[in-house]
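Student: For reference, this is upload-v1.csv, and it has CSV, C-alpha atoms.
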```csv
chain,number,residue,atom,x,y,z
A,109,GLY,CA,55.8,-4.6,23.4
A,110,GLU,CA,56.2,-8.3,22.8
A,111,TRP,CA,53.8,-10.2,20.6
A,112,ARG,CA,50.8,-12.0,22.2
A,113,ARG,CA,48.1,-14.3,21.0
A,114,GLU,CA,44.4,-13.7,21.9
A,115,PRO,CA,42.6,-16.7,23.2
A,116,TRP,CA,39.5,-16.8,20.9
A,117,TYR,CA,40.9,-17.0,17.4
A,118,GLY,CA,44.6,-17.2,18.0
A,119,THR,CA,45.3,-13.8,16.4
A,120,ARG,CA,48.7,-12.3,17.2
A,121,PHE,CA,48.8,-8.7,18.6
A,122,ARG,CA,51.0,-6.4,20.6
A,123,LEU,CA,50.6,-3.2,22.5
A,124,VAL,CA,52.8,-0.2,21.4
A,125,ALA,CA,52.9,3.2,23.0
A,126,LEU,CA,51.9,6.0,20.5
A,127,GLU,CA,54.6,8.5,19.8
A,128,PRO,CA,53.9,12.2,20.6
A,129,ALA,CA,54.5,13.2,17.0
A,130,ALA,CA,51.7,10.8,15.8
A,131,LEU,CA,49.3,12.2,18.4
A,132,ALA,CA,50.1,15.8,17.4
A,133,ARG,CA,49.5,14.9,13.7
A,134,TRP,CA,46.2,13.3,14.4
A,135,ALA,CA,45.1,16.2,16.6
A,136,ASP,CA,45.8,18.7,13.8
A,137,VAL,CA,42.5,18.3,12.0
A,138,PRO,CA,40.7,21.4,10.8
A,139,ALA,CA,37.3,20.2,11.8
A,140,LEU,CA,38.4,19.5,15.3
A,141,ALA,CA,40.2,22.8,15.5
A,142,ALA,CA,37.1,24.7,14.3
A,143,ALA,CA,34.9,22.9,16.9
A,144,ALA,CA,37.3,23.7,19.7
A,145,LYS,CA,37.3,27.4,18.6
A,146,ALA,CA,33.5,27.5,18.6
A,147,GLY,CA,33.5,26.0,22.1
A,148,GLU,CA,31.9,22.8,20.9
A,149,PRO,CA,33.0,19.3,21.9
A,150,PRO,CA,35.2,17.9,19.2
A,151,LEU,CA,33.6,14.5,19.4
A,152,ALA,CA,30.1,13.6,20.6
A,153,LEU,CA,27.9,10.6,20.9
A,154,PRO,CA,24.8,10.5,18.8
A,155,GLU,CA,21.4,11.3,20.4
A,156,ALA,CA,19.8,8.4,22.3
A,157,ASN,CA,17.4,6.3,20.2
A,158,PRO,CA,14.0,7.2,21.5
A,159,PHE,CA,12.5,3.8,20.3
A,160,VAL,CA,14.6,1.4,22.2
A,161,PRO,CA,12.3,-0.6,24.6
A,162,THR,CA,13.2,-1.3,28.2
A,163,ASP,CA,9.8,-2.7,29.5
A,164,PHE,CA,9.1,-6.2,28.4
A,165,ALA,CA,6.4,-7.0,30.9
A,166,ILE,CA,3.5,-9.2,29.5
A,167,ARG,CA,0.1,-7.6,30.0
A,168,ALA,CA,-1.9,-10.9,29.6
A,169,PRO,CA,-2.5,-12.5,33.1
A,170,PRO,CA,-1.2,-16.0,33.6
A,171,GLY,CA,-3.6,-18.7,32.6
A,172,PRO,CA,-4.5,-21.2,29.9
A,173,LYS,CA,-4.3,-20.2,26.3
A,174,PRO,CA,-7.7,-19.2,24.8
A,175,PRO,CA,-9.6,-21.7,22.8
A,176,HIS,CA,-9.1,-22.1,19.0
A,177,PRO,CA,-10.2,-20.2,17.1
A,178,PRO,CA,-9.7,-17.3,19.5
A,179,PRO,CA,-12.4,-14.7,20.1
A,180,PRO,CA,-12.4,-11.7,17.7
A,181,PRO,CA,-11.4,-8.2,18.7
A,182,ALA,CA,-14.0,-6.2,20.7
A,183,LEU,CA,-15.3,-2.8,19.8
A,184,LEU,CA,-14.8,-0.6,22.9
A,185,ASP,CA,-17.3,1.9,24.0
A,186,GLY,CA,-16.2,5.4,25.1
A,187,ALA,CA,-13.5,5.9,22.4
A,188,PRO,CA,-12.7,9.5,21.4
A,189,PRO,CA,-15.1,11.1,18.9
A,190,GLY,CA,-14.3,10.2,15.4
A,191,VAL,CA,-12.4,7.0,16.4
A,192,ALA,CA,-13.8,3.5,16.3
A,193,LEU,CA,-11.5,1.4,18.6
A,194,TRP,CA,-11.2,-2.3,18.2
A,195,TYR,CA,-9.1,-4.1,20.8
A,196,LYS,CA,-7.7,-7.5,21.5
A,197,LEU,CA,-5.2,-8.5,24.1
A,198,ASP,CA,-2.7,-11.2,23.1
A,199,ARG,CA,-3.3,-14.2,25.3
A,200,THR,CA,-1.8,-16.8,22.9
A,201,PHE,CA,1.8,-15.9,22.1
A,202,ARG,CA,2.5,-13.7,25.2
A,203,LYS,CA,5.2,-11.7,23.5
A,204,PRO,CA,6.0,-8.0,24.3
A,205,ARG,CA,4.9,-7.0,20.9
A,206,LEU,CA,2.0,-4.8,19.6
A,207,ALA,CA,0.3,-4.0,16.3
A,208,VAL,CA,-1.7,-1.0,15.6
A,209,TYR,CA,-3.8,-0.7,12.4
A,210,LEU,CA,-5.3,2.7,11.6
A,211,GLN,CA,-7.5,3.4,8.6
A,212,LEU,CA,-8.3,7.1,8.3
A,213,ARG,CA,-11.4,7.3,6.1
A,214,CYS,CA,-11.5,10.5,4.0
A,215,ALA,CA,-14.4,11.1,1.6
A,216,GLY,CA,-12.2,13.3,-0.6
A,217,ALA,CA,-9.5,10.7,-1.1
A,218,TYR,CA,-11.3,9.0,-4.1
A,219,SER,CA,-13.8,11.5,-5.2
A,220,SER,CA,-12.2,11.8,-8.7
A,221,PRO,CA,-9.2,10.4,-10.6
A,222,GLU,CA,-7.3,13.6,-9.7
A,223,ALA,CA,-8.1,13.1,-6.0
A,224,SER,CA,-6.9,9.5,-6.1
A,225,VAL,CA,-3.6,10.5,-7.7
A,226,PHE,CA,-3.1,13.3,-5.2
A,227,SER,CA,-3.9,11.0,-2.3
A,228,ASN,CA,-1.4,8.5,-3.6
A,229,LEU,CA,1.3,11.2,-3.9
A,230,PHE,CA,0.5,12.6,-0.5
A,231,ALA,CA,1.0,9.2,1.1
A,232,LYS,CA,4.4,8.8,-0.7
A,233,LEU,CA,5.5,12.3,0.3
A,234,LEU,CA,4.5,11.5,3.9
A,235,SER,CA,6.6,8.3,3.8
A,236,ASP,CA,9.4,10.4,2.4
A,237,ALA,CA,9.1,12.9,5.3
A,238,LEU,CA,9.3,10.0,7.8
A,239,GLN,CA,12.6,8.7,6.4
A,240,PRO,CA,14.7,10.3,9.2
A,241,LEU,CA,12.8,8.1,11.7
A,242,ALA,CA,13.2,4.9,9.8
A,243,TYR,CA,16.7,3.9,10.8
A,244,HIS,CA,16.2,4.4,14.5
A,245,ALA,CA,12.9,2.6,14.4
A,246,GLU,CA,14.2,-0.4,12.6
A,247,VAL,CA,17.2,-0.7,15.0
A,248,ALA,CA,14.7,-0.9,17.8
A,249,GLU,CA,12.6,-3.4,15.8
A,250,LEU,CA,9.7,-1.0,15.3
A,251,HIS,CA,8.2,-0.7,11.8
A,252,TYR,CA,5.5,1.2,10.0
A,253,SER,CA,3.9,1.4,6.6
A,254,LEU,CA,1.6,4.0,5.1
A,255,TYR,CA,-0.4,3.9,1.9
A,256,ASN,CA,-3.6,5.2,0.4
A,257,THR,CA,-6.7,3.3,-0.6
A,258,ALA,CA,-10.1,4.2,-2.1
A,259,ARG,CA,-11.3,5.0,1.4
A,260,GLY,CA,-8.4,7.2,2.6
A,261,LEU,CA,-5.1,6.5,4.2
A,262,VAL,CA,-3.9,3.3,6.0
A,263,LEU,CA,-1.2,3.3,8.7
A,264,LYS,CA,0.3,0.2,10.2
A,265,VAL,CA,2.7,0.3,13.2
A,266,GLY,CA,4.2,-2.8,14.8
A,267,GLY,CA,7.0,-4.1,17.0
A,268,TYR,CA,8.0,-4.0,20.6
A,269,SER,CA,5.1,-2.6,22.6
A,270,HIS,CA,6.9,-0.4,25.1
A,271,LYS,CA,7.9,2.5,22.8
A,272,LEU,CA,5.4,1.9,20.0
A,273,HIS,CA,3.4,4.9,21.1
A,274,VAL,CA,6.4,7.2,20.6
A,275,LEU,CA,6.7,6.1,16.9
A,276,LEU,CA,3.0,6.4,16.4
A,277,ASP,CA,3.1,9.9,17.9
A,278,LYS,CA,5.9,11.0,15.6
A,279,VAL,CA,4.2,9.6,12.5
A,280,LEU,CA,0.9,11.2,13.3
A,281,THR,CA,2.5,14.5,14.1
A,282,THR,CA,4.3,14.4,10.7
A,283,LEU,CA,1.0,13.6,9.0
A,284,ALA,CA,-0.8,16.5,10.6
A,285,GLY,CA,2.1,18.8,9.8
A,286,LEU,CA,2.6,17.8,6.1
A,287,ARG,CA,0.4,20.6,4.8
A,288,GLY,CA,1.0,23.8,2.9
A,289,ALA,CA,4.6,24.7,2.4
A,290,ALA,CA,5.7,21.4,3.9
A,291,VAL,CA,5.0,19.7,0.5
A,292,ARG,CA,8.3,20.6,-1.3
A,293,ASP,CA,8.2,21.1,-5.0
A,294,GLU,CA,11.4,19.1,-5.7
A,295,ARG,CA,10.2,16.1,-3.8
A,296,PHE,CA,6.8,16.3,-5.4
A,297,GLU,CA,8.4,16.2,-8.9
A,298,ILE,CA,10.4,13.1,-8.0
A,299,TYR,CA,7.4,11.1,-6.9
A,300,ARG,CA,5.2,12.4,-9.7
A,301,GLU,CA,7.7,11.1,-12.3
A,302,GLN,CA,8.1,7.9,-10.4
A,303,GLN,CA,4.3,7.3,-10.3
A,304,ALA,CA,3.9,8.1,-14.0
A,305,LEU,CA,6.6,5.5,-14.7
A,306,ASP,CA,4.8,2.9,-12.6
A,307,TYR,CA,1.6,3.5,-14.5
A,308,ASP,CA,3.5,3.1,-17.8
A,309,ASN,CA,4.9,-0.1,-16.6
A,310,PHE,CA,1.5,-1.3,-15.6
A,311,TRP,CA,0.7,-2.2,-19.2
A,312,ARG,CA,3.7,-4.5,-19.2
A,313,SER,CA,2.2,-6.7,-16.5
A,314,GLN,CA,1.3,-10.3,-16.9
A,315,PRO,CA,-1.9,-10.8,-19.0
A,316,TYR,CA,-3.7,-12.4,-16.1
A,317,ALA,CA,-3.0,-9.3,-14.0
A,318,LEU,CA,-4.4,-7.0,-16.7
A,319,ALA,CA,-7.4,-9.2,-17.1
A,320,ASP,CA,-8.0,-9.2,-13.3
A,321,TYR,CA,-7.7,-5.4,-13.2
A,322,HIS,CA,-10.2,-4.9,-16.0
A,323,ALA,CA,-12.6,-7.4,-14.5
A,324,GLY,CA,-12.6,-5.3,-11.3
A,325,TYR,CA,-13.0,-2.1,-13.3
A,326,ALA,CA,-16.1,-3.6,-15.0
A,327,LEU,CA,-17.7,-5.0,-11.8
A,328,GLU,CA,-17.0,-2.3,-9.2
A,329,ALA,CA,-19.5,0.5,-8.8
A,330,ARG,CA,-17.0,3.3,-8.7
A,331,LYS,CA,-13.4,2.6,-9.9
A,332,TRP,CA,-11.3,5.1,-11.8
A,333,HIS,CA,-9.2,3.7,-14.7
A,334,VAL,CA,-5.4,3.8,-14.7
A,335,ARG,CA,-5.6,5.7,-18.1
A,336,GLU,CA,-7.3,8.6,-16.2
A,337,TYR,CA,-4.5,8.6,-13.7
A,338,MET,CA,-1.8,8.6,-16.4
A,339,ALA,CA,-3.5,11.5,-18.2
A,340,PHE,CA,-3.6,13.6,-15.1
A,341,LEU,CA,-0.1,12.8,-14.0
A,342,LYS,CA,1.3,13.9,-17.3
A,343,ASP,CA,-0.6,17.2,-17.3
A,344,ALA,CA,2.0,19.6,-16.0
A,345,GLN,CA,-0.5,22.4,-15.7
A,346,ARG,CA,-2.8,20.7,-13.3
A,347,CYS,CA,-0.7,18.1,-11.5
A,348,THR,CA,1.6,20.4,-9.6
A,349,ALA,CA,2.9,20.7,-6.0
A,350,ALA,CA,0.7,23.8,-5.6
A,351,GLU,CA,-2.4,22.0,-6.6
A,352,LEU,CA,-1.5,19.1,-4.2
A,353,ARG,CA,-1.1,21.6,-1.4
A,354,ALA,CA,-4.5,23.0,-2.2
A,355,PHE,CA,-6.0,19.5,-2.4
A,356,VAL,CA,-4.7,18.6,1.1
A,357,GLU,CA,-5.8,21.9,2.6
A,358,ARG,CA,-9.3,22.1,1.1
A,359,GLU,CA,-10.5,18.7,-0.2
A,360,LEU,CA,-8.8,15.7,1.4
A,361,PHE,CA,-10.4,16.2,4.8
A,362,ALA,CA,-13.1,18.7,3.7
A,363,ALA,CA,-16.0,16.2,4.0
A,364,GLY,CA,-14.9,15.0,7.3
A,365,ALA,CA,-12.9,12.0,8.4
A,366,ALA,CA,-13.3,9.0,10.7
A,367,ALA,CA,-10.6,6.7,12.1
A,368,ASP,CA,-11.0,2.9,12.3
A,369,MET,CA,-8.4,1.6,14.7
A,370,LEU,CA,-7.3,-1.9,15.8
A,371,VAL,CA,-4.9,-2.4,18.7
A,372,HIS,CA,-3.8,-6.0,19.1
A,373,GLY,CA,-1.1,-7.5,21.2
A,374,ASN,CA,0.7,-6.6,24.4
A,375,ALA,CA,-1.4,-3.7,25.6
A,376,ASP,CA,-4.1,-3.5,28.3
A,377,GLU,CA,-7.4,-1.7,27.6
A,378,ALA,CA,-6.3,1.5,29.2
A,379,GLU,CA,-3.2,1.6,27.0
A,380,ALA,CA,-5.3,0.9,23.9
A,381,ARG,CA,-7.6,3.8,24.9
A,382,GLY,CA,-4.5,6.0,25.3
A,383,LEU,CA,-3.4,5.2,21.8
A,384,ALA,CA,-6.9,6.1,20.5
A,385,GLN,CA,-6.7,9.4,22.3
A,386,LEU,CA,-3.3,10.1,20.8
A,387,VAL,CA,-4.8,9.5,17.3
A,388,ALA,CA,-7.7,11.9,18.1
A,389,ASP,CA,-5.4,14.6,19.4
A,390,ARG,CA,-3.0,14.5,16.5
A,391,ILE,CA,-5.5,14.0,13.6
A,392,TYR,CA,-8.4,16.1,14.8
A,393,GLY,CA,-6.7,18.4,17.3
A,394,GLY,CA,-4.2,19.6,14.8
A,395,GLY,CA,-6.8,21.1,12.4
A,396,GLY,CA,-6.1,18.6,9.7
A,397,ALA,CA,-9.5,17.0,9.8
A,398,GLN,CA,-12.9,17.1,11.4
A,399,ALA,CA,-14.1,14.2,13.5
A,400,THR,CA,-17.1,13.6,11.3
A,401,PRO,CA,-18.2,9.9,11.2
A,402,LEU,CA,-18.6,8.6,7.6
A,403,GLN,CA,-20.9,6.0,6.4
A,404,PRO,CA,-19.3,2.5,6.1
```
Go ahead and express the file in the form of structure tokens.
Tutor:
Amino acid sequence: GEWRREPWYGTRFRLVALEPAALARWADVPALAAAAKAGEPPLALPEANPFVPTDFAIRAPPGPKPPHPPPPPALLDGAPPGVALWYKLDRTFRKPRLAVYLQLRCAGAYSSPEASVFSNLFAKLLSDALQPLAYHAEVAELHYSLYNTARGLVLKVGGYSHKLHVLLDKVLTTLAGLRGAAVRDERFEIYREQQALDYDNFWRSQPYALADYHAGYALEARKWHVREYMAFLKDAQRCTAAELRAFVERELFAAGAAADMLVHGNADEAEARGLAQLVADRIYGGGGAQATPLQP
């Protein structure tokens, strides 16, 4: 065909009919032939992204913005056993976005230097197991972070409110299922070596950071030293994937667990309670922990 010029950038183009020989050559692909022989479609669209939102309704009723400073979140009565639910509806920004903060307090998470190291490795392995979800969640502008503290595990989920519960469900299901054989030896070794290298590099930090760390070590009632972590990580007889599996099964949740949860943003009270029930079902219902309240 004759050359044309597209109207946006002035690029020249033309339409040419494909020759049968070219079409036959392109169709002669072993992978396509194997798929056709197996009765499978040669080409297929990827699965739908389960996190893409379609409901952008604002839950806050129309009205003036709240006074400054706004009132703090409220502790709701009637939450599932083992869950302390704090809730605050966004009346200021009125965006279809939601944030969920979950602290799972586990008495066994910081009971010893070994427990602290294993809790840290467990959080890293859980984040590793969640990698298949990361791309689809980020495309839909949902995000999560998971890390360990001296009190247990902290999970933060945020983004568009409509499908946030789907991501939270998948993360909690993975957390409850990452036990026993789900902790793979090869992935454990990767993160063990990485964590040991991080501790080695700790001593190359700025002097003020080292001074601040040792001040905290001297002042806090119970704080394990990084040298204790290093010694345990480098002990190939005790710091193993098998021992981590035993720790998760018998110690991490052995003394009970309690969840502190904050739901803030575009969700009404019923939806916040539904998220709290989801946490209770996945964490306590799956056998991974007991709904035993801990002391603050």
Student: Need the shell around segment 342-357 of chain A: protein/DNA/RNA residues with any atom at most 10 Å away, counting only C-alpha atoms. Skip same-chain ones fewer than 2 positions apart. Format as a ChimeraX atom specification?
Tutor: /A:216-217,222-223,225-227,229-230,286-297,300-301,304,337-340,359-362,395-397
Student: Figure out the distance between atom CA of Trp332 of chain A and atom CA of Ser313 of chain A, please, to one decimal in Å.
Tutor: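 Between atom CA of Ser313 of chain A and atom CA of Trp332 of chain A the gap works out to 18.5 Å.
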Student: What residues have an atom no more than 10 Å from (-7.0, -3.2, -19.7) in the file's own frame, counting all atoms listed in the file, and can you write them as a PDB file with C-alpha atoms, keeping the file's coordinate frame?
Tutor:
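See out-v8.pdb below for the written result:
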```
ATOM      1  CA  PHE A 310       1.500  -1.300 -15.600  1.00  0.00           C
ATOM      2  CA  TRP A 311       0.700  -2.200 -19.200  1.00  0.00           C
ATOM      3  CA  PRO A 315      -1.900 -10.800 -19.000  1.00  0.00           C
ATOM      4  CA  ALA A 317      -3.000  -9.300 -14.000  1.00  0.00           C
ATOM      5  CA  LEU A 318      -4.400  -7.000 -16.700  1.00  0.00           C
ATOM      6  CA  ALA A 319      -7.400  -9.200 -17.100  1.00  0.00           C
ATOM      7  CA  ASP A 320      -8.000  -9.200 -13.300  1.00  0.00           C
ATOM      8  CA  TYR A 321      -7.700  -5.400 -13.200  1.00  0.00           C
ATOM      9  CA  HIS A 322     -10.200  -4.900 -16.000  1.00  0.00           C
ATOM     10  CA  ALA A 323     -12.600  -7.400 -14.500  1.00  0.00           C
ATOM     11  CA  TYR A 325     -13.000  -2.100 -13.300  1.00  0.00           C
ATOM     12  CA  HIS A 333      -9.200   3.700 -14.700  1.00  0.00           C
ATOM     13  CA  VAL A 334      -5.400   3.800 -14.700  1.00  0.00           C
ATOM     14  CA  ARG A 335      -5.600   5.700 -18.100  1.00  0.00           C
TER      15      ARG A 335
END
```
Student: Please provide the set of residues having any atom within 10 Å of Gly260 of chain A, restricted to all atoms listed in the file, with same-chain residues fewer than 4 positions apart removed, written as a list of chain:residue names.
Tutor: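 Answer for this query is A:Gln211, A:Leu212, A:Arg213, A:Cys214, A:Ala215, A:Gly216, A:Ala217, A:Tyr218, A:Ser224, A:Ser227, A:Asn228, A:Ala231, A:Tyr255, A:Asn256, A:Leu360, A:Phe361, A:Ala365, A:Ala366, A:Ala367.
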Student: Measure the distance from atom CA of Lys271 of chain A to atom CA of Pro158 of chain A in Å and round it to one decimal.
Tutor: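 A separation of 7.8 Å between them.
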Student: Distance atom CA of Tyr252 of chain A-atom CA of Gly373 of chain A, one decimal place?
Tutor: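 Those two atoms sit 15.6 Å apart.
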Student: Need to verify the contact set: Phe159 of chain A, 10 Å, all atoms listed in the file, exclusion of same-chain residues closer than 4 positions in sequence. Can you return it as a PyMOL selection string?
Tutor: chain A and resi 241+244-250+268+270-275
Student: Taking into account only C-alpha atoms, which residue in the set A:Lys145, A:Arg133, A:Lys331, A:Arg390 is nearest to Val279 of chain A?
Tutor: A:Arg390
Student: Distance cut-off 12 Å, centre (2.0, -2.7, 12.0) in file coordinates, counting all atoms listed in the file: which residues qualify? Return them as an NGL selection string.
Tutor: :A and (205-211 or 249-254 or 262-269 or 272-273 or 275-276 or 369-373)
Student: Quick one: of A:Ala284, A:Gln302, A:Glu377, A:Glu328, who's nearest to Ile391 of chain A, counting all atoms listed in the file?
Tutor: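 Comparing A:Ala284, A:Gln302, A:Glu377, A:Glu328 against Ile391 of chain A, the winner is A:Ala284.
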Student: Output as an mmCIF file, in the frame of the given file: segment 315-325 of chain A, completed with all heavy atoms.
Tutor:
```cif
data_model
loop_
_atom_site.group_PDB
_atom_site.id
_atom_site.type_symbol
_atom_site.label_atom_id
_atom_site.label_comp_id
_atom_site.auth_asym_id
_atom_site.auth_seq_id
_atom_site.Cartn_x
_atom_site.Cartn_y
_atom_site.Cartn_z
ATOM 1 N N PRO A 315 -0.488 -10.945 -18.491
ATOM 2 C CA PRO A 315 -1.900 -10.800 -19.000
ATOM 3 C C PRO A 315 -2.940 -11.131 -18.000
ATOM 4 O O PRO A 315 -3.985 -10.457 -17.987
ATOM 5 C CB PRO A 315 -1.861 -11.891 -20.155
ATOM 6 C CG PRO A 315 -0.431 -11.982 -20.588
ATOM 7 C CD PRO A 315 0.376 -11.780 -19.343
ATOM 8 N N TYR A 316 -2.711 -12.117 -17.116
ATOM 9 C CA TYR A 316 -3.700 -12.400 -16.100
ATOM 10 C C TYR A 316 -3.960 -11.247 -15.170
ATOM 11 O O TYR A 316 -5.082 -11.005 -14.702
ATOM 12 C CB TYR A 316 -3.399 -13.686 -15.346
ATOM 13 C CG TYR A 316 -2.291 -13.533 -14.336
ATOM 14 C CD1 TYR A 316 -2.558 -13.096 -13.042
ATOM 15 C CD2 TYR A 316 -0.971 -13.800 -14.672
ATOM 16 C CE1 TYR A 316 -1.546 -12.927 -12.109
ATOM 17 C CE2 TYR A 316 0.044 -13.646 -13.758
ATOM 18 C CZ TYR A 316 -0.241 -13.203 -12.472
ATOM 19 O OH TYR A 316 0.770 -13.043 -11.568
ATOM 20 N N ALA A 317 -2.872 -10.487 -14.864
ATOM 21 C CA ALA A 317 -3.000 -9.300 -14.000
ATOM 22 C C ALA A 317 -3.822 -8.230 -14.650
ATOM 23 O O ALA A 317 -4.663 -7.576 -14.009
ATOM 24 C CB ALA A 317 -1.628 -8.816 -13.569
ATOM 25 N N LEU A 318 -3.583 -8.004 -15.930
ATOM 26 C CA LEU A 318 -4.400 -7.000 -16.700
ATOM 27 C C LEU A 318 -5.831 -7.424 -16.766
ATOM 28 O O LEU A 318 -6.734 -6.588 -16.628
ATOM 29 C CB LEU A 318 -3.768 -6.820 -18.058
ATOM 30 C CG LEU A 318 -2.362 -6.206 -18.111
ATOM 31 C CD1 LEU A 318 -1.842 -6.203 -19.535
ATOM 32 C CD2 LEU A 318 -2.373 -4.801 -17.542
ATOM 33 N N ALA A 319 -6.067 -8.722 -17.007
ATOM 34 C CA ALA A 319 -7.400 -9.200 -17.100
ATOM 35 C C ALA A 319 -8.156 -9.053 -15.754
ATOM 36 O O ALA A 319 -9.329 -8.649 -15.693
ATOM 37 C CB ALA A 319 -7.457 -10.671 -17.533
ATOM 38 N N ASP A 320 -7.454 -9.346 -14.663
ATOM 39 C CA ASP A 320 -8.000 -9.200 -13.300
ATOM 40 C C ASP A 320 -8.373 -7.748 -13.037
ATOM 41 O O ASP A 320 -9.436 -7.439 -12.465
ATOM 42 C CB ASP A 320 -7.084 -9.776 -12.297
ATOM 43 C CG ASP A 320 -7.662 -9.726 -10.893
ATOM 44 O OD1 ASP A 320 -8.618 -10.472 -10.633
ATOM 45 O OD2 ASP A 320 -7.157 -8.940 -10.065
ATOM 46 N N TYR A 321 -7.488 -6.842 -13.432
ATOM 47 C CA TYR A 321 -7.700 -5.400 -13.200
ATOM 48 C C TYR A 321 -8.979 -4.950 -13.953
ATOM 49 O O TYR A 321 -9.838 -4.265 -13.389
ATOM 50 C CB TYR A 321 -6.516 -4.603 -13.638
ATOM 51 C CG TYR A 321 -6.757 -3.115 -13.587
ATOM 52 C CD1 TYR A 321 -6.665 -2.416 -12.388
ATOM 53 C CD2 TYR A 321 -7.115 -2.403 -14.737
ATOM 54 C CE1 TYR A 321 -6.909 -1.050 -12.328
ATOM 55 C CE2 TYR A 321 -7.361 -1.047 -14.688
ATOM 56 C CZ TYR A 321 -7.255 -0.376 -13.485
ATOM 57 O OH TYR A 321 -7.508 0.975 -13.428
ATOM 58 N N HIS A 322 -9.091 -5.320 -15.222
ATOM 59 C CA HIS A 322 -10.200 -4.900 -16.000
ATOM 60 C C HIS A 322 -11.527 -5.534 -15.579
ATOM 61 O O HIS A 322 -12.613 -4.931 -15.719
ATOM 62 C CB HIS A 322 -9.956 -5.094 -17.497
ATOM 63 C CG HIS A 322 -8.997 -4.095 -18.078
ATOM 64 N ND1 HIS A 322 -7.637 -4.320 -18.142
ATOM 65 C CD2 HIS A 322 -9.203 -2.854 -18.578
ATOM 66 C CE1 HIS A 322 -7.049 -3.270 -18.682
ATOM 67 N NE2 HIS A 322 -7.962 -2.359 -18.951
ATOM 68 N N ALA A 323 -11.447 -6.736 -15.038
ATOM 69 C CA ALA A 323 -12.600 -7.400 -14.500
ATOM 70 C C ALA A 323 -13.138 -6.563 -13.280
ATOM 71 O O ALA A 323 -14.338 -6.306 -13.122
ATOM 72 C CB ALA A 323 -12.356 -8.808 -14.086
ATOM 73 N N GLY A 324 -12.212 -6.160 -12.411
ATOM 74 C CA GLY A 324 -12.600 -5.300 -11.300
ATOM 75 C C GLY A 324 -13.149 -3.983 -11.716
ATOM 76 O O GLY A 324 -14.107 -3.461 -11.122
ATOM 77 N N TYR A 325 -12.559 -3.412 -12.765
ATOM 78 C CA TYR A 325 -13.000 -2.100 -13.300
ATOM 79 C C TYR A 325 -14.475 -2.247 -13.794
ATOM 80 O O TYR A 325 -15.296 -1.341 -13.618
ATOM 81 C CB TYR A 325 -12.115 -1.634 -14.380
ATOM 82 C CG TYR A 325 -12.531 -0.324 -14.997
ATOM 83 C CD1 TYR A 325 -12.348 0.870 -14.313
ATOM 84 C CD2 TYR A 325 -13.104 -0.272 -16.267
ATOM 85 C CE1 TYR A 325 -12.729 2.086 -14.867
ATOM 86 C CE2 TYR A 325 -13.495 0.932 -16.826
ATOM 87 C CZ TYR A 325 -13.302 2.109 -16.123
ATOM 88 O OH TYR A 325 -13.692 3.309 -16.671
#
```
